[in-house]
$ cat target_2.cif   # mmCIF, C-alpha atoms and all ligand atoms
data_my_file
#
loop_
_atom_site.label_atom_id
_atom_site.label_comp_id
_atom_site.auth_asym_id
_atom_site.auth_seq_id
_atom_site.Cartn_x
_atom_site.Cartn_y
_atom_site.Cartn_z
CA MET A 1 -153.01 61.48 6.19
CA ALA A 2 -151.18 60.27 3.11
CA LYS A 3 -153.17 58.30 0.59
CA PRO A 4 -151.85 54.70 0.74
CA ALA A 5 -150.77 52.98 -2.46
CA ARG A 6 -152.57 49.79 -1.46
CA HIS A 7 -155.40 48.85 0.89
CA VAL A 8 -155.76 45.37 2.37
CA PHE A 9 -159.08 44.13 3.70
CA VAL A 10 -158.86 41.02 5.88
CA CYS A 11 -162.08 39.21 6.71
CA SER A 12 -162.63 38.84 10.45
CA GLN A 13 -166.22 37.60 10.31
CA ASN A 14 -167.44 35.07 12.87
CA ARG A 15 -170.71 33.17 12.81
CA PRO A 16 -172.28 30.78 15.30
CA ALA A 17 -171.25 27.14 15.14
CA GLY A 18 -173.42 25.22 12.70
CA HIS A 19 -174.23 28.25 10.53
CA SER A 20 -174.72 27.13 6.93
CA ARG A 21 -172.15 29.58 5.52
CA GLY A 22 -169.45 28.93 8.07
CA SER A 23 -167.02 31.83 8.49
CA CYS A 24 -163.45 32.88 8.19
CA GLY A 25 -163.48 33.10 11.97
CA GLN A 26 -163.92 29.34 12.15
CA LYS A 27 -160.90 28.91 9.87
CA GLY A 28 -158.41 30.95 11.82
CA CYS A 29 -158.77 34.46 10.41
CA ALA A 30 -158.00 36.05 13.77
CA GLU A 31 -154.36 35.02 13.56
CA VAL A 32 -154.24 36.20 9.92
CA VAL A 33 -155.55 39.63 10.96
CA ASP A 34 -153.05 39.75 13.83
CA GLU A 35 -150.16 38.85 11.52
CA PHE A 36 -151.11 41.53 9.00
CA MET A 37 -151.23 44.12 11.78
CA LYS A 38 -147.94 42.91 13.28
CA GLN A 39 -146.04 42.98 10.00
CA TRP A 40 -147.61 46.33 9.03
CA GLN A 41 -146.32 47.77 12.29
CA ASP A 42 -142.94 46.02 12.21
CA ARG A 43 -142.34 47.23 8.65
CA GLN A 44 -143.59 50.76 9.45
CA LEU A 45 -145.74 50.90 6.31
CA PHE A 46 -148.33 53.31 7.68
CA THR A 47 -148.09 55.79 4.82
CA GLN A 48 -147.80 53.19 2.03
CA VAL A 49 -150.32 50.52 2.97
CA ALA A 50 -153.64 50.54 4.83
CA VAL A 51 -154.81 47.38 6.61
CA THR A 52 -158.44 46.98 7.67
CA SER A 53 -160.15 44.02 9.32
CA THR A 54 -163.62 43.72 7.90
CA GLY A 55 -166.82 41.73 7.90
CA CYS A 56 -167.69 39.05 5.38
CA LEU A 57 -166.19 39.60 1.93
CA GLY A 58 -168.53 37.10 0.27
CA PRO A 59 -166.93 33.73 -0.50
CA CYS A 60 -166.81 32.23 2.98
CA ASN A 61 -166.05 28.76 1.61
CA VAL A 62 -162.55 29.85 0.53
CA GLY A 63 -161.70 31.85 3.65
CA PRO A 64 -159.82 33.26 5.33
CA SER A 65 -160.33 35.83 2.56
CA VAL A 66 -158.22 38.90 1.80
CA VAL A 67 -158.92 41.62 -0.80
CA ILE A 68 -156.34 44.13 -1.97
CA TYR A 69 -156.97 47.36 -3.88
CA PRO A 70 -156.34 49.05 -6.24
CA GLU A 71 -155.72 45.71 -8.02
CA GLY A 72 -159.04 44.35 -6.78
CA VAL A 73 -157.72 40.85 -6.23
CA MET A 74 -158.89 38.31 -3.71
CA TYR A 75 -156.72 35.75 -1.97
CA GLY A 76 -158.30 32.71 -0.36
CA ASN A 77 -157.37 30.16 2.28
CA VAL A 78 -154.84 32.64 3.60
CA THR A 79 -152.82 31.51 6.59
CA LYS A 80 -150.61 33.37 9.02
CA GLY A 81 -147.64 31.89 7.15
CA ASP A 82 -148.72 33.53 3.87
CA VAL A 83 -148.76 37.08 5.19
CA GLY A 84 -145.05 37.79 4.81
CA GLU A 85 -145.15 36.71 1.16
CA ILE A 86 -148.17 38.96 0.52
CA PHE A 87 -146.23 41.90 1.96
CA ASP A 88 -142.98 41.15 0.13
CA GLN A 89 -144.40 40.18 -3.23
CA HIS A 90 -147.67 42.09 -3.62
CA LEU A 91 -147.78 45.04 -1.27
CA LEU A 92 -144.16 46.09 -1.71
CA SER A 93 -143.34 44.78 -5.20
CA GLY A 94 -146.68 44.83 -7.00
CA LYS A 95 -146.61 41.17 -8.04
CA LEU A 96 -149.64 39.00 -7.34
CA VAL A 97 -149.24 35.89 -5.20
CA GLU A 98 -150.69 33.61 -7.87
CA ARG A 99 -150.97 30.51 -5.70
CA LEU A 100 -153.41 32.28 -3.35
CA LEU A 101 -155.72 33.85 -5.94
CA VAL A 102 -159.30 32.62 -5.78
CA SER A 103 -160.70 31.30 -9.05
CA ALA A 104 -162.31 33.67 -11.53
CA GLY A 105 -165.71 32.15 -10.84
CA ILE A 106 -165.50 33.25 -7.23
CA TRP A 107 -164.15 36.81 -7.71
S1 LIG A 201 -166.85 35.02 6.48
FE1 LIG A 201 -165.02 35.67 5.49
S2 LIG A 201 -165.58 35.81 3.42
FE2 LIG A 201 -167.45 35.34 4.45
#
$ encode --input "target_2.cif" --output "structure tokens" --more "lines below"
Ligand code: FES
Amino acid sequence: MAKPARHVFVCSQNRPAGHSRGSCGQKGCAEVVDEFMKQWQDRQLFTQVAVTSTGCLGPCNVGPSVVIYPEGVMYGNVTKGDVGEIFDQHLLSGKLVERLLVSAGIW
């Protein structure tokens, strides 16, 4: 397996209704995960980018949350509609999507 240039972690955590932390699951992360997987497959980026759905990344209040390495940046409040821009701008061109970055106090 080739070592990918970038690795995307997409929170897919769910918690029961009424839980004090809430969850990305309650904010629509399932469709964000699905869109990452769809575009990863459509673009045939298997050797360049790894995409992993994961448990809680920490700051549930700004979810759906996405972390990308090696830059070590976190995007918050990510929607299905943001995924194409993350692929085009960050994953393929190396430029951060500034409008989605969480604040420095969070990550
Ligand atoms: S549930 Fe997604 S960051 Fe905590």
$ residues_near_ligand --input "target_2.cif" --ligand "ligand LIG 201 (chain A)" --cutoff "12 Å" --atoms "all atoms listed in the file" --output "ChimeraX atom specification"
/A:9-16,19-30,32-33,53-67,74-78,102,106-107
$ write_last_selection --input "target_2.cif" --atoms "C-alpha atoms" --output "PDB file, in the coordinates of the input"
ATOM      1  CA  PHE A   9    -159.080  44.130   3.700  1.00  0.00           C
ATOM      2  CA  VAL A  10    -158.860  41.020   5.880  1.00  0.00           C
ATOM      3  CA  CYS A  11    -162.080  39.210   6.710  1.00  0.00           C
ATOM      4  CA  SER A  12    -162.630  38.840  10.450  1.00  0.00           C
ATOM      5  CA  GLN A  13    -166.220  37.600  10.310  1.00  0.00           C
ATOM      6  CA  ASN A  14    -167.440  35.070  12.870  1.00  0.00           C
ATOM      7  CA  ARG A  15    -170.710  33.170  12.810  1.00  0.00           C
ATOM      8  CA  PRO A  16    -172.280  30.780  15.300  1.00  0.00           C
ATOM      9  CA  HIS A  19    -174.230  28.250  10.530  1.00  0.00           C
ATOM     10  CA  SER A  20    -174.720  27.130   6.930  1.00  0.00           C
ATOM     11  CA  ARG A  21    -172.150  29.580   5.520  1.00  0.00           C
ATOM     12  CA  GLY A  22    -169.450  28.930   8.070  1.00  0.00           C
ATOM     13  CA  SER A  23    -167.020  31.830   8.490  1.00  0.00           C
ATOM     14  CA  CYS A  24    -163.450  32.880   8.190  1.00  0.00           C
ATOM     15  CA  GLY A  25    -163.480  33.100  11.970  1.00  0.00           C
ATOM     16  CA  GLN A  26    -163.920  29.340  12.150  1.00  0.00           C
ATOM     17  CA  LYS A  27    -160.900  28.910   9.870  1.00  0.00           C
ATOM     18  CA  GLY A  28    -158.410  30.950  11.820  1.00  0.00           C
ATOM     19  CA  CYS A  29    -158.770  34.460  10.410  1.00  0.00           C
ATOM     20  CA  ALA A  30    -158.000  36.050  13.770  1.00  0.00           C
ATOM     21  CA  VAL A  32    -154.240  36.200   9.920  1.00  0.00           C
ATOM     22  CA  VAL A  33    -155.550  39.630  10.960  1.00  0.00           C
ATOM     23  CA  SER A  53    -160.150  44.020   9.320  1.00  0.00           C
ATOM     24  CA  THR A  54    -163.620  43.720   7.900  1.00  0.00           C
ATOM     25  CA  GLY A  55    -166.820  41.730   7.900  1.00  0.00           C
ATOM     26  CA  CYS A  56    -167.690  39.050   5.380  1.00  0.00           C
ATOM     27  CA  LEU A  57    -166.190  39.600   1.930  1.00  0.00           C
ATOM     28  CA  GLY A  58    -168.530  37.100   0.270  1.00  0.00           C
ATOM     29  CA  PRO A  59    -166.930  33.730  -0.500  1.00  0.00           C
ATOM     30  CA  CYS A  60    -166.810  32.230   2.980  1.00  0.00           C
ATOM     31  CA  ASN A  61    -166.050  28.760   1.610  1.00  0.00           C
ATOM     32  CA  VAL A  62    -162.550  29.850   0.530  1.00  0.00           C
ATOM     33  CA  GLY A  63    -161.700  31.850   3.650  1.00  0.00           C
ATOM     34  CA  PRO A  64    -159.820  33.260   5.330  1.00  0.00           C
ATOM     35  CA  SER A  65    -160.330  35.830   2.560  1.00  0.00           C
ATOM     36  CA  VAL A  66    -158.220  38.900   1.800  1.00  0.00           C
ATOM     37  CA  VAL A  67    -158.920  41.620  -0.800  1.00  0.00           C
ATOM     38  CA  MET A  74    -158.890  38.310  -3.710  1.00  0.00           C
ATOM     39  CA  TYR A  75    -156.720  35.750  -1.970  1.00  0.00           C
ATOM     40  CA  GLY A  76    -158.300  32.710  -0.360  1.00  0.00           C
ATOM     41  CA  ASN A  77    -157.370  30.160   2.280  1.00  0.00           C
ATOM     42  CA  VAL A  78    -154.840  32.640   3.600  1.00  0.00           C
ATOM     43  CA  VAL A 102    -159.300  32.620  -5.780  1.00  0.00           C
ATOM     44  CA  ILE A 106    -165.500  33.250  -7.230  1.00  0.00           C
ATOM     45  CA  TRP A 107    -164.150  36.810  -7.710  1.00  0.00           C
TER      46      TRP A 107
END
$ atom_distance --input "target_2.cif" --atom1 "CA of Gly81 in chain A" --atom2 "CA of Ala2 in chain A"
28.9 Å
$ closest_residue --input "target_2.cif" --among "A:Asp34, A:Met1, A:Val83, A:Glu71" --to "Leu96 in chain A" --atoms "only C-alpha atoms"
A:Glu71
$ residues_around --input "target_2.cif" --residues "Leu92 in chain A" --least-positions-apart "6" --cutoff "9 Å" --atoms "only C-alpha atoms" --output "PDB file with C-alpha atoms, keeping the file's coordinate frame"
ATOM      1  CA  GLN A  48    -147.800  53.190   2.030  1.00  0.00           C
ATOM      2  CA  VAL A  49    -150.320  50.520   2.970  1.00  0.00           C
ATOM      3  CA  ILE A  86    -148.170  38.960   0.520  1.00  0.00           C
TER       4      ILE A  86
END
$ closest_residue --input "target_2.cif" --among "A:Ile68, A:Met37, A:Ala50, A:Leu100" --to "Asp82 in chain A" --atoms "all atoms listed in the file"
A:Leu100
$ atom_distance --input "target_2.cif" --atom1 "CA of Ser93 in chain A" --atom2 "CA of Ala5 in chain A"
11.4 Å
$ atom_distance --input "target_2.cif" --atom1 "CA of Glu35 in chain A" --atom2 "CA of Ala17 in chain A"
24.4 Å
$ closest_residue --input "target_2.cif" --among "A:Pro70, A:Gly94, A:Lys3, A:Gly84" --to "Phe36 in chain A" --atoms "only C-alpha atoms"
A:Gly84
$ closest_residue --input "target_2.cif" --among "A:Arg6, A:Lys95, A:Gly18, A:Phe87" --to "Gln41 in chain A" --atoms "only C-alpha atoms"
A:Phe87
$ closest_residue --input "target_2.cif" --among "A:His7, A:Thr52, A:Glu85, A:Glu31" --to "Val97 in chain A" --atoms "all atoms listed in the file"
A:Glu85
